[in-house]
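Shown below: work21.cif, with mmCIF, C-alpha atoms.
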data_protein
loop_
_atom_site.label_atom_id
_atom_site.label_comp_id
_atom_site.auth_asym_id
_atom_site.auth_seq_id
_atom_site.Cartn_x
_atom_site.Cartn_y
_atom_site.Cartn_z
CA MET A 1 69.52 150.86 27.57
CA ILE A 2 71.21 147.95 29.38
CA PHE A 3 68.45 148.13 32.02
CA ALA A 4 65.78 147.76 29.36
CA LEU A 5 67.57 144.88 27.62
CA ILE A 6 67.92 142.87 30.83
CA VAL A 7 65.17 143.88 33.23
CA VAL A 8 62.27 144.10 30.79
CA PRO A 9 62.68 140.53 29.42
CA VAL A 10 63.18 139.19 32.96
CA LEU A 11 60.01 140.88 34.19
CA GLY A 12 58.18 139.68 31.10
CA LEU A 13 59.23 136.10 31.82
CA PHE A 14 58.37 136.50 35.51
CA PHE A 15 54.81 137.67 34.87
CA GLY A 16 54.41 135.29 31.93
CA VAL A 17 55.14 132.36 34.25
CA HIS A 18 52.55 133.68 36.69
CA ARG A 19 50.02 133.93 33.87
CA TYR A 20 50.67 130.27 33.07
CA LEU A 21 50.26 129.31 36.74
CA TRP A 22 46.97 131.22 36.91
CA CYS A 23 45.66 129.45 33.83
CA ARG A 24 46.46 125.96 35.10
CA LEU A 25 45.74 126.43 38.80
CA VAL A 26 42.83 128.87 38.74
CA ARG A 27 41.16 129.30 35.37
CA ASP A 28 41.08 125.62 34.46
CA THR A 29 39.93 124.44 37.90
CA THR A 30 37.29 126.97 39.00
CA LYS A 31 33.94 128.23 37.74
CA PRO A 32 33.74 131.78 36.30
CA GLY A 33 32.52 134.33 38.82
CA GLY A 34 32.85 132.01 41.79
CA ARG A 35 34.62 132.82 45.02
CA PRO A 36 37.55 130.40 44.37
CA ARG A 37 38.12 132.05 40.96
CA ARG A 38 38.19 135.52 42.51
CA ALA A 39 40.49 134.45 45.37
CA GLY A 40 42.89 132.67 43.01
CA THR A 41 43.03 135.64 40.66
CA ALA A 42 43.75 138.01 43.55
CA ALA A 43 46.58 135.74 44.75
CA ALA A 44 48.02 135.64 41.22
CA PHE A 45 48.40 139.44 41.41
CA VAL A 46 49.49 139.83 45.04
CA LEU A 47 52.08 137.03 45.40
CA PRO A 48 54.43 138.13 42.58
CA LEU A 49 54.32 141.69 43.92
CA ILE A 50 55.32 140.47 47.40
CA ALA A 51 58.16 138.46 45.85
CA LEU A 52 59.44 141.50 43.95
CA ALA A 53 59.16 143.62 47.09
CA ALA A 54 61.20 141.04 49.04
CA LEU A 55 63.93 141.15 46.39
CA LEU A 56 64.08 144.95 46.23
CA SER A 57 63.34 146.08 49.80
CA GLY A 58 66.92 145.73 51.02
CA ARG A 59 68.39 147.65 48.09
CA ALA A 60 65.68 150.29 48.52
CA GLY A 61 66.66 150.86 52.16
CA ALA A 62 63.38 149.67 53.67
CA PRO A 63 63.34 149.25 57.47
CA PHE A 64 64.72 145.87 58.51
CA ARG A 65 61.43 144.78 60.07
CA VAL A 66 59.71 145.46 56.75
CA GLN A 67 62.35 143.34 55.00
CA GLN A 68 61.73 140.52 57.48
CA ALA A 69 57.95 140.73 57.00
CA LEU A 70 58.33 140.48 53.22
CA ALA A 71 61.13 137.92 53.12
CA TRP A 72 59.38 134.74 54.29
CA PRO A 73 56.30 134.90 52.02
CA GLY A 74 58.15 136.54 49.12
CA TYR A 75 61.14 134.20 48.94
CA LEU A 76 59.17 131.04 49.68
CA TRP A 77 56.78 131.97 46.89
CA LEU A 78 59.73 132.28 44.48
CA ALA A 79 60.71 128.71 45.35
CA MET A 80 57.09 127.60 44.92
CA VAL A 81 56.96 129.25 41.49
CA LEU A 82 59.99 127.24 40.37
CA TYR A 83 58.64 123.88 41.49
CA LEU A 84 55.01 124.57 40.56
CA THR A 85 56.13 125.44 37.03
CA LEU A 86 58.28 122.32 36.74
CA ALA A 87 55.52 120.10 38.12
CA LEU A 88 52.85 121.60 35.85
CA LEU A 89 55.07 121.28 32.79
CA ALA A 90 55.56 117.62 33.65
CA GLY A 91 51.80 117.37 34.13
CA GLU A 92 51.16 118.67 30.62
CA ALA A 93 51.88 115.18 29.27
CA VAL A 94 49.35 113.68 31.70
CA ARG A 95 46.85 116.38 30.79
CA ALA A 96 47.28 115.82 27.04
CA LEU A 97 46.85 112.06 27.42
CA GLY A 98 43.77 112.55 29.58
CA LEU A 99 42.16 114.98 27.12
CA TRP A 100 42.81 112.56 24.25
CA SER A 101 41.12 109.77 26.20
CA LEU A 102 38.18 112.01 27.07
CA ARG A 103 37.68 113.04 23.44
CA ARG A 104 37.46 109.38 22.48
CA HIS A 105 34.81 108.68 25.10
CA GLU A 106 32.87 111.88 24.32
CA ARG A 107 32.70 111.15 20.55
CA PRO A 108 29.02 110.44 19.59
CA GLU A 109 28.28 106.86 18.54
CA PRO A 110 25.89 106.03 15.61
CA ALA A 111 22.38 104.90 16.59
CA PRO A 112 21.91 101.10 16.80
CA GLY A 113 20.72 99.47 13.59
CA THR A 114 21.57 102.41 11.31
CA THR A 115 24.06 101.89 8.55
CA THR A 116 24.96 104.46 5.95
CA ALA A 117 25.30 103.62 2.32
CA ALA A 118 28.84 104.86 2.36
CA ALA A 119 29.63 102.46 5.19
CA GLN A 120 28.27 99.58 3.08
CA GLY A 121 30.46 100.54 0.15
CA THR A 122 27.49 101.01 -2.29
CA PRO A 123 26.09 104.23 -3.70
CA SER A 124 22.81 105.37 -2.23
CA PRO A 125 19.87 105.01 -4.62
CA PRO A 126 18.36 108.17 -6.03
CA THR A 127 15.09 109.37 -4.61
CA THR A 128 11.89 108.92 -6.64
CA ALA A 129 11.64 112.58 -7.36
CA SER A 130 15.18 112.63 -8.65
CA ALA A 131 14.52 109.57 -10.75
CA GLN A 132 11.57 111.33 -12.33
CA GLY A 133 13.72 114.34 -13.13
CA THR A 134 11.99 116.65 -10.73
CA PRO A 135 13.71 118.12 -7.76
CA SER A 136 12.62 116.87 -4.39
CA PRO A 137 11.65 119.51 -1.87
CA PRO A 138 14.08 119.88 0.98
CA ALA A 139 12.92 118.33 4.20
CA THR A 140 12.91 120.75 7.09
CA ALA A 141 14.10 119.86 10.50
CA ALA A 142 10.69 120.67 11.89
CA ALA A 143 9.02 118.30 9.45
CA GLN A 144 11.37 115.54 10.59
CA GLY A 145 10.64 116.25 14.22
CA THR A 146 14.26 117.13 15.09
CA PRO A 147 15.59 120.46 16.33
CA SER A 148 17.31 122.72 13.88
CA THR A 149 21.08 123.04 14.12
CA SER A 150 21.25 126.37 12.31
CA PRO A 151 22.18 129.39 14.43
CA THR A 152 19.28 131.27 15.97
CA LEU A 153 19.21 134.99 15.37
CA LEU A 154 18.56 136.84 18.65
CA PRO A 155 16.75 140.20 18.71
CA PRO A 156 19.01 143.21 19.27
CA GLY A 157 19.71 143.86 22.95
CA THR A 158 19.27 140.24 24.01
CA PRO A 159 22.05 139.30 26.50
CA ALA A 160 24.54 136.70 25.29
CA LEU A 161 24.22 133.24 26.73
CA PRO A 162 26.93 132.17 29.23
CA PRO A 163 29.62 129.81 27.93
CA PRO A 164 28.79 126.14 28.30
CA PRO A 165 30.06 124.60 31.53
CA THR A 166 33.24 122.55 31.49
CA PRO A 167 32.38 118.85 31.20
CA PRO A 168 32.76 117.19 34.63
CA ARG A 169 35.45 114.76 33.46
CA ARG A 170 37.59 117.55 31.99
CA LEU A 171 37.20 119.61 35.16
CA PHE A 172 38.24 116.60 37.24
CA LEU A 173 41.33 116.10 35.07
CA ALA A 174 42.37 119.77 35.39
CA ARG A 175 41.90 119.69 39.15
CA ALA A 176 43.80 116.42 39.51
CA VAL A 177 46.82 117.76 37.61
CA ALA A 178 46.73 121.05 39.57
CA ALA A 179 46.45 119.23 42.90
CA GLY A 180 49.28 116.86 42.06
CA ALA A 181 51.56 119.71 41.00
CA SER A 182 50.72 121.73 44.12
CA LEU A 183 51.42 118.79 46.43
CA ALA A 184 54.73 118.02 44.70
CA ALA A 185 55.88 121.66 44.84
CA THR A 186 54.84 122.06 48.48
CA ALA A 187 56.69 118.88 49.45
CA ALA A 188 59.85 120.01 47.62
CA VAL A 189 59.85 123.48 49.18
CA GLY A 190 59.00 122.12 52.63
CA TYR A 191 61.81 119.58 52.53
CA GLY A 192 64.29 122.13 51.19
CA THR A 193 63.35 124.64 53.89
CA ALA A 194 63.75 122.04 56.65
CA THR A 195 67.16 121.12 55.23
CA THR A 196 68.30 124.75 55.44
CA LEU A 197 66.95 125.38 58.93
CA ARG A 198 68.57 122.22 60.33
CA GLY A 199 71.93 123.85 59.68
CA PRO A 200 75.04 122.66 57.85
CA VAL A 201 76.36 119.12 57.91
CA VAL A 202 80.06 118.49 58.43
CA LYS A 203 82.04 117.10 55.51
CA ARG A 204 85.59 115.83 55.87
CA VAL A 205 88.17 115.77 53.10
CA THR A 206 91.90 115.06 53.09
CA ILE A 207 94.02 117.14 50.70
CA PRO A 208 97.70 116.27 50.19
CA LEU A 209 100.12 119.14 49.57
CA ALA A 210 103.52 118.35 48.07
CA LYS A 211 105.37 121.07 50.02
CA LEU A 212 103.67 120.51 53.36
CA PRO A 213 106.24 119.50 55.99
CA ARG A 214 105.76 116.40 58.09
CA ALA A 215 105.21 118.52 61.21
CA ALA A 216 102.04 120.02 59.67
CA HIS A 217 100.58 116.66 58.59
CA GLY A 218 96.95 116.41 59.73
CA TYR A 219 96.44 120.19 60.10
CA ARG A 220 92.65 120.82 60.23
CA ILE A 221 90.97 123.81 58.56
CA ALA A 222 87.22 124.32 59.05
CA VAL A 223 86.03 125.93 55.81
CA VAL A 224 82.73 127.81 56.02
CA SER A 225 81.20 130.09 53.42
CA ASP A 226 77.92 131.73 52.39
CA ILE A 227 76.35 131.95 55.83
CA HIS A 228 74.08 134.69 54.43
CA LEU A 229 72.78 136.29 57.60
CA GLY A 230 69.79 138.41 56.61
CA PRO A 231 66.07 138.96 57.11
CA ILE A 232 65.43 135.18 57.25
CA LEU A 233 68.60 133.56 58.62
CA GLY A 234 69.58 135.30 61.84
CA ARG A 235 71.20 134.75 65.21
CA ALA A 236 69.91 131.18 65.64
CA HIS A 237 71.42 130.26 62.29
CA THR A 238 74.78 131.72 63.37
CA ARG A 239 74.69 129.58 66.51
CA ARG A 240 74.06 126.45 64.45
CA VAL A 241 77.04 127.26 62.23
CA VAL A 242 79.33 128.01 65.20
CA ASP A 243 78.31 124.79 66.95
CA ALA A 244 79.02 122.77 63.80
CA VAL A 245 82.43 124.40 63.35
CA ASN A 246 83.44 123.97 66.98
CA SER A 247 82.40 120.31 66.91
CA THR A 248 85.26 119.62 64.47
CA ASN A 249 87.91 120.92 66.90
CA PRO A 250 89.78 122.72 64.06
CA ASP A 251 93.25 124.22 64.07
CA LEU A 252 92.00 127.11 61.92
CA VAL A 253 88.66 128.53 60.75
CA ALA A 254 88.46 129.95 57.21
CA ILE A 255 85.33 132.06 56.45
CA VAL A 256 85.43 132.55 52.70
CA GLY A 257 82.88 135.29 52.09
CA ASP A 258 79.17 136.08 51.87
CA LEU A 259 78.71 136.26 55.60
CA VAL A 260 75.82 138.74 55.40
CA ASP A 261 73.00 140.18 53.33
CA GLY A 262 72.57 143.50 55.08
CA THR A 263 74.21 146.24 57.09
CA VAL A 264 76.07 146.05 60.39
CA ALA A 265 73.29 148.12 61.98
CA ASP A 266 70.69 145.49 61.05
CA LEU A 267 72.71 142.29 61.34
CA GLY A 268 75.40 143.02 63.91
CA PRO A 269 73.42 141.20 66.65
CA ALA A 270 72.90 138.20 64.35
CA ALA A 271 76.67 137.90 63.82
CA GLU A 272 77.48 138.14 67.55
CA PRO A 273 77.72 134.33 68.15
CA LEU A 274 80.80 134.28 65.89
CA ARG A 275 82.74 135.40 68.97
CA ALA A 276 82.36 131.82 70.23
CA LEU A 277 84.37 130.24 67.40
CA HIS A 278 87.18 128.12 68.83
CA SER A 279 90.35 127.03 67.05
CA ARG A 280 94.05 126.70 67.83
CA HIS A 281 95.22 129.41 65.40
CA GLY A 282 92.13 131.61 65.16
CA ALA A 283 89.53 132.45 62.49
CA TYR A 284 90.18 134.32 59.23
CA PHE A 285 87.79 136.07 56.84
CA VAL A 286 87.74 137.29 53.23
CA THR A 287 85.00 139.27 51.56
CA GLY A 288 82.42 137.82 49.20
CA ASN A 289 80.32 139.62 46.63
CA HIS A 290 77.43 140.19 49.05
CA GLU A 291 79.60 142.12 51.50
CA TYR A 292 80.03 144.79 48.81
CA TYR A 293 76.25 145.11 48.46
CA ALA A 294 75.98 145.85 52.19
CA GLY A 295 79.09 147.91 53.02
CA ALA A 296 82.25 145.80 52.96
CA ASP A 297 84.43 148.23 54.96
CA GLN A 298 81.95 148.24 57.86
CA TRP A 299 81.83 144.46 57.92
CA VAL A 300 85.61 144.08 57.76
CA ASP A 301 85.86 146.31 60.83
CA HIS A 302 83.04 144.47 62.59
CA VAL A 303 84.42 140.95 62.10
CA ARG A 304 87.71 142.24 63.52
CA GLU A 305 85.78 143.34 66.63
CA LEU A 306 84.35 139.79 66.82
CA GLY A 307 87.87 138.38 67.06
CA ILE A 308 88.13 137.27 63.43
CA HIS A 309 91.13 138.30 61.33
CA PRO A 310 90.30 139.82 57.91
CA LEU A 311 92.72 139.05 55.11
CA GLU A 312 92.37 141.94 52.66
CA ASN A 313 94.82 140.97 49.93
CA ALA A 314 97.13 139.87 52.73
CA ARG A 315 99.06 136.86 54.01
CA THR A 316 100.07 135.40 57.34
CA GLU A 317 102.52 132.65 58.26
CA LEU A 318 101.22 129.60 60.11
CA PRO A 319 103.07 126.47 61.24
CA GLY A 320 104.00 124.62 58.05
CA PHE A 321 102.31 126.86 55.45
CA ASP A 322 101.24 130.38 54.52
CA LEU A 323 97.60 131.45 54.61
CA ALA A 324 96.64 134.21 52.15
CA GLY A 325 93.39 135.91 51.28
CA VAL A 326 92.21 138.12 48.41
CA ASN A 327 89.17 140.39 48.18
CA ASP A 328 86.24 139.29 46.06
CA ILE A 329 86.25 140.40 42.43
CA THR A 330 83.08 142.45 43.08
CA GLY A 331 85.31 144.81 45.05
CA GLN A 332 86.74 146.07 41.76
CA THR A 333 83.74 148.43 41.58
CA GLU A 334 85.13 150.12 44.71
CA GLN A 335 88.81 149.89 43.70
CA ALA A 336 89.16 147.10 46.27
CA GLY A 337 89.33 143.99 44.10
CA PRO A 338 91.72 141.05 44.41
CA ASP A 339 95.41 141.94 44.43
CA TYR A 340 97.50 138.77 44.08
CA ASP A 341 100.80 140.65 44.00
CA ARG A 342 100.09 142.30 47.32
CA ALA A 343 98.87 139.03 48.89
CA LEU A 344 101.61 136.73 47.62
CA SER A 345 104.72 138.71 46.73
CA GLY A 346 107.86 138.28 48.80
CA ARG A 347 106.89 134.94 50.30
CA ASP A 348 109.13 131.92 50.71
CA THR A 349 108.13 129.78 47.70
CA SER A 350 109.45 126.64 49.38
CA ARG A 351 106.50 126.85 51.77
CA PRO A 352 103.02 125.81 50.58
CA VAL A 353 100.39 128.52 50.41
CA VAL A 354 96.67 128.14 51.00
CA LEU A 355 94.58 130.94 49.47
CA MET A 356 91.11 132.04 50.59
CA ALA A 357 89.16 133.45 47.61
CA HIS A 358 85.37 133.61 47.58
CA GLN A 359 84.62 132.84 43.92
CA PRO A 360 86.07 129.75 42.22
CA VAL A 361 86.27 131.62 38.90
CA THR A 362 89.50 133.20 40.13
CA ILE A 363 91.27 129.82 39.98
CA HIS A 364 93.10 130.63 36.74
CA ASP A 365 94.76 133.69 38.33
CA THR A 366 95.54 131.54 41.34
CA VAL A 367 97.30 128.94 39.17
CA HIS A 368 99.42 131.68 37.60
CA PHE A 369 100.72 132.68 41.06
CA GLY A 370 101.69 129.13 42.04
CA VAL A 371 99.18 128.67 44.87
CA ASP A 372 98.99 125.12 46.24
CA LEU A 373 95.36 125.15 47.42
CA GLN A 374 92.47 127.59 46.95
CA LEU A 375 89.47 127.51 49.30
CA SER A 376 86.24 128.96 47.84
CA GLY A 377 82.47 129.06 48.19
CA HIS A 378 79.95 131.25 46.32
CA THR A 379 78.20 128.52 44.28
CA HIS A 380 76.00 127.05 47.06
CA GLY A 381 76.40 123.85 45.02
CA GLY A 382 73.51 125.25 42.97
CA GLN A 383 71.28 125.48 46.11
CA MET A 384 68.07 124.25 44.43
CA TRP A 385 67.77 121.60 41.74
CA PRO A 386 67.69 122.12 38.74
CA LEU A 387 69.64 125.36 39.30
CA THR A 388 72.52 123.03 40.14
CA TYR A 389 73.04 122.61 36.38
CA LEU A 390 73.24 126.38 35.90
CA ALA A 391 75.81 126.68 38.70
CA ALA A 392 77.87 123.89 37.14
CA ALA A 393 77.80 125.65 33.76
CA THR A 394 78.98 129.01 35.13
CA ASN A 395 81.70 127.89 37.56
CA PRO A 396 84.86 125.85 36.96
CA THR A 397 84.01 123.72 40.02
CA VAL A 398 80.57 123.82 41.58
CA ALA A 399 81.44 121.80 44.72
CA GLY A 400 84.20 119.55 45.99
CA LEU A 401 87.87 119.13 45.12
CA GLN A 402 89.44 119.51 41.67
CA ARG A 403 92.97 120.03 40.36
CA TYR A 404 94.02 122.79 37.95
CA GLY A 405 97.66 122.26 36.97
CA ASP A 406 99.68 122.24 40.19
CA THR A 407 96.89 124.00 42.11
CA GLN A 408 94.02 122.28 43.88
CA LEU A 409 90.64 123.99 44.30
CA TYR A 410 88.14 123.08 47.01
CA VAL A 411 84.63 124.59 46.85
CA THR A 412 82.25 124.28 49.79
CA ARG A 413 78.46 124.36 49.18
CA GLY A 414 78.07 126.98 51.91
CA ALA A 415 76.31 127.00 55.26
CA GLY A 416 73.26 129.13 54.44
CA ALA A 417 71.04 130.14 51.54
CA TRP A 418 70.47 133.25 49.47
CA GLY A 419 66.93 134.27 48.56
CA PRO A 420 64.59 131.35 49.27
CA PRO A 421 65.74 129.54 52.44
CA VAL A 422 65.52 126.32 50.45
CA ARG A 423 68.28 123.80 49.74
CA LEU A 424 67.25 120.90 47.49
CA GLY A 425 69.84 118.63 45.93
CA ALA A 426 72.67 120.70 47.48
CA PRO A 427 72.50 120.52 51.30
CA PRO A 428 74.45 123.13 53.29
CA ASP A 429 77.81 122.15 54.70
CA ILE A 430 80.98 123.18 56.40
CA THR A 431 84.08 121.22 55.44
CA LEU A 432 86.89 120.07 57.67
CA VAL A 433 89.90 120.06 55.35
CA GLU A 434 92.75 117.95 56.69
CA LEU A 435 96.10 118.77 55.08
CA ALA A 436 98.35 115.79 54.40
CA SER A 437 102.10 115.78 53.94
CA LEU A 438 103.61 113.51 51.32
CA HIS A 439 106.57 113.11 53.65
CA ALA A 440 104.59 111.63 56.54
#
Output the file's structure as structure tokens, nothing else.
Amino acid sequence: MIFALIVVPVLGLFFGVHRYLWCRLVRDTTKPGGRPRRAGTAAAFVLPLIALAALLSGRAGAPFRVQQALAWPGYLWLAMVLYLTLALLAGEAVRALGLWSLRRHERPEPAPGTTTAAAQGTPSPPTTASAQGTPSPPATAAAQGTPSTSPTLLPPGTPALPPPPTPPRRLFLARAVAAGASLAATAAVGYGTATTLRGPVVKRVTIPLAKLPRAAHGYRIAVVSDIHLGPILGRAHTRRVVDAVNSTNPDLVAIVGDLVDGTVADLGPAAEPLRALHSRHGAYFVTGNHEYYAGADQWVDHVRELGIHPLENARTELPGFDLAGVNDITGQTEQAGPDYDRALSGRDTSRPVVLMAHQPVTIHDTVHFGVDLQLSGHTHGGQMWPLTYLAAATNPTVAGLQRYGDTQLYVTRGAGAWGPPVRLGAPPDITLVELASLHA
């Protein structure tokens, strides 16, 4: 029942949007029966099926090479659908204005020198026959030498005439709007893809902590989240992330979830460059929601083999503060959700505590436990405009630093991308958080 209430409307919207794209990009711009019409119609059927296959192949257990073959065309097409739809909807105003202008120019003008009686404001005089009281015979179109406008009855079995061709000006308008929308969408997706594949930029932010001792002033934490290794972003992407992290010369690396979109068997080689992370006090990891889609226990064991320390509802003491980590809330489905009591109980409350938690929505629990700073990811900053507005509406903080009571929350936009490898309006980043003591 829940499946029908959610999936059926989503699929209806998905194919309804493709119907709209076919109408504007194919039907309105091509001639019936022509090769472009047939090719465009075939693409309108094939591309959404590839996109659905890309979304479902991983969950269905398809071979990893099949997932890779489907991922690039399928996910890029999803991004194209978003921006084609937005561009065409914006083009509807241009199209409506153009059609109104064309109707004005196509309206027939009266013949020169003819003026109707109604236009002169006087009644037309009666005909002679009417004046004499006898009805005048109706004049036939043939007698007047003009073609008849009445419908012609065709003999049974006569094939119907083809529809009249689209007027050239209207066809030009439809093609101009379609071409403009296609160019705008292609430019947006191309730029967003290049932004993702260039790798994350480094952001720097200073966060003061009231309890931080003077000796820990200037402590540097490289915060990285949402790397999303998968069928598109692989080993080369991991190297870019590692190089960016190491360039900051951090004291500590905090990986706050969503490292992978697949199994250890498929993505273990892609994660191998994480061994090269360098920091004074090591690298730490907490699970994100995507780890639980791929086998969280296997990945926790694997990151430990890579020299990264998992914090599964656990805490460790570092010079000047405590570092704690809780599992992602998705782990509740496996009885492995966040456990704040286990992570934070028994600690020295005079020391500040920094908590790694993947999703920012846990901030209200974090405030209750007196945490000084929470480090999160998950939102991608919205990843692709205008989805940035949706991310802002569903998360307490979509990106950056914000205070909740005595607790501060920092959310990174993440280093990778989920689904389409496109970042537009929310470029990927890692953040070098520098802790500041109020006693310095």
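Excluding Ser279 (chain A) and any residue on its chain fewer than 3 positions from it, the residues at most 10 Å away by all atoms listed in the file are Arg220, Ile221, Ala222, Val245, Asn246, Thr248, Asn249, Pro250, Asp251, Leu252, Val253, Ala276, Gly282 and Ala283 of chain A.
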Residues as selected, C-alpha atoms, written as a PDB file, keeping the file's coordinate frame, can you do that?
ATOM      1  CA  ARG A 220      92.650 120.820  60.230  1.00  0.00           C
ATOM      2  CA  ILE A 221      90.970 123.810  58.560  1.00  0.00           C
ATOM      3  CA  ALA A 222      87.220 124.320  59.050  1.00  0.00           C
ATOM      4  CA  VAL A 245      82.430 124.400  63.350  1.00  0.00           C
ATOM      5  CA  ASN A 246      83.440 123.970  66.980  1.00  0.00           C
ATOM      6  CA  THR A 248      85.260 119.620  64.470  1.00  0.00           C
ATOM      7  CA  ASN A 249      87.910 120.920  66.900  1.00  0.00           C
ATOM      8  CA  PRO A 250      89.780 122.720  64.060  1.00  0.00           C
ATOM      9  CA  ASP A 251      93.250 124.220  64.070  1.00  0.00           C
ATOM     10  CA  LEU A 252      92.000 127.110  61.920  1.00  0.00           C
ATOM     11  CA  VAL A 253      88.660 128.530  60.750  1.00  0.00           C
ATOM     12  CA  ALA A 276      82.360 131.820  70.230  1.00  0.00           C
ATOM     13  CA  GLY A 282      92.130 131.610  65.160  1.00  0.00           C
ATOM     14  CA  ALA A 283      89.530 132.450  62.490  1.00  0.00           C
TER      15      ALA A 283
END
Using only C-alpha atoms, determine which residues lie at most 9 Å from region 54-58 of chain A, disregarding the query and same-chain residues fewer than 3 positions distant; provide the list as a ChimeraX atom specification. /A:49-51,61-64,66-75,261-262,419
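Nearest-residue note for Arg27 (chain A): choosing from A:Arg103, A:Arg175, A:Val81, A:Val242, the minimum distance belongs to A:Arg175, counting all atoms listed in the file.
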Arg347 (chain A) environment, 9 Å, only C-alpha atoms, sequence neighbours closer than 3 positions dropped, as a ChimeraX atom specification: /A:315,322,344,350-351
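Atom to atom, CA of Val10 (chain A) and CA of Ala79 (chain A) stand 16.4 Å apart.
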Identify all residues satisfying the PyMOL selection byres ((chain A and resi 429) around 7) in the given file; provide them as a list in words. Pro200, Val201, Val202, Lys203, Thr412, Arg413, Gly414, Ala415, Pro427, Pro428, Ile430 and Thr431 of chain A
Nearby residues, (36.5, 125.8, 42.0) file frame, 12 Å, all atoms listed in the file, as a PyMOL selection string: chain A and resi 25-41+166+168+171-172+174-175+178-179
For Asp372 (chain A), which residue among A:Leu311, A:Val303, A:Ala176, A:Ile207 is the nearest when counting only C-alpha atoms? A:Ile207
What's around Glu92 (chain A) at 12 Å? Count all atoms listed in the file, leave out sequence neighbours fewer than 5 positions away in its own chain, and write the answer as a count of residues only. 15
From CA of Arg19 (chain A) to CA of Arg59 (chain A) the spacing works out at 27.0 Å
CA of Ala90 (chain A) to CA of Ala184 (chain A): how many Å, to one decimal? 11.1 Å
With the file shown as input, list the residues that the PyMOL selection byres ((chain A and resi 305) around 12) selects, as a PyMOL selection string. chain A and resi 264+268+271-272+274-275+298-304+306-310
Regenerate region 345-349 of chain A at the level of all heavy atoms and dump it as a PDB file, in the frame of the given file.
ATOM      1  N   SER A 345     103.335 138.352  47.058  1.00  0.00           N
ATOM      2  CA  SER A 345     104.720 138.710  46.730  1.00  0.00           C
ATOM      3  C   SER A 345     105.608 138.654  47.964  1.00  0.00           C
ATOM      4  O   SER A 345     105.170 138.913  49.088  1.00  0.00           O
ATOM      5  CB  SER A 345     104.764 140.119  46.124  1.00  0.00           C
ATOM      6  OG  SER A 345     104.307 141.069  47.068  1.00  0.00           O
ATOM      7  N   GLY A 346     106.873 138.290  47.729  1.00  0.00           N
ATOM      8  CA  GLY A 346     107.860 138.280  48.800  1.00  0.00           C
ATOM      9  C   GLY A 346     107.793 137.082  49.715  1.00  0.00           C
ATOM     10  O   GLY A 346     108.519 137.016  50.705  1.00  0.00           O
ATOM     11  N   ARG A 347     106.989 136.105  49.413  1.00  0.00           N
ATOM     12  CA  ARG A 347     106.890 134.940  50.300  1.00  0.00           C
ATOM     13  C   ARG A 347     107.977 133.918  49.972  1.00  0.00           C
ATOM     14  O   ARG A 347     108.577 133.940  48.885  1.00  0.00           O
ATOM     15  CB  ARG A 347     105.500 134.287  50.163  1.00  0.00           C
ATOM     16  CG  ARG A 347     105.249 133.616  48.831  1.00  0.00           C
ATOM     17  CD  ARG A 347     103.843 133.017  48.764  1.00  0.00           C
ATOM     18  NE  ARG A 347     103.641 132.311  47.507  1.00  0.00           N
ATOM     19  CZ  ARG A 347     103.932 131.037  47.319  1.00  0.00           C
ATOM     20  NH1 ARG A 347     104.477 130.314  48.310  1.00  0.00           N
ATOM     21  NH2 ARG A 347     103.717 130.455  46.157  1.00  0.00           N
ATOM     22  N   ASP A 348     108.204 133.022  50.898  1.00  0.00           N
ATOM     23  CA  ASP A 348     109.130 131.920  50.710  1.00  0.00           C
ATOM     24  C   ASP A 348     108.429 130.850  49.870  1.00  0.00           C
ATOM     25  O   ASP A 348     107.514 130.178  50.339  1.00  0.00           O
ATOM     26  CB  ASP A 348     109.543 131.350  52.063  1.00  0.00           C
ATOM     27  CG  ASP A 348     110.550 130.214  51.949  1.00  0.00           C
ATOM     28  OD1 ASP A 348     110.868 129.798  50.813  1.00  0.00           O
ATOM     29  OD2 ASP A 348     110.999 129.715  53.007  1.00  0.00           O
ATOM     30  N   THR A 349     108.840 130.704  48.614  1.00  0.00           N
ATOM     31  CA  THR A 349     108.130 129.780  47.700  1.00  0.00           C
ATOM     32  C   THR A 349     108.378 128.321  48.033  1.00  0.00           C
ATOM     33  O   THR A 349     107.740 127.449  47.437  1.00  0.00           O
ATOM     34  CB  THR A 349     108.567 130.049  46.249  1.00  0.00           C
ATOM     35  OG1 THR A 349     109.991 129.933  46.150  1.00  0.00           O
ATOM     36  CG2 THR A 349     108.134 131.441  45.806  1.00  0.00           C
TER      37      THR A 349
END
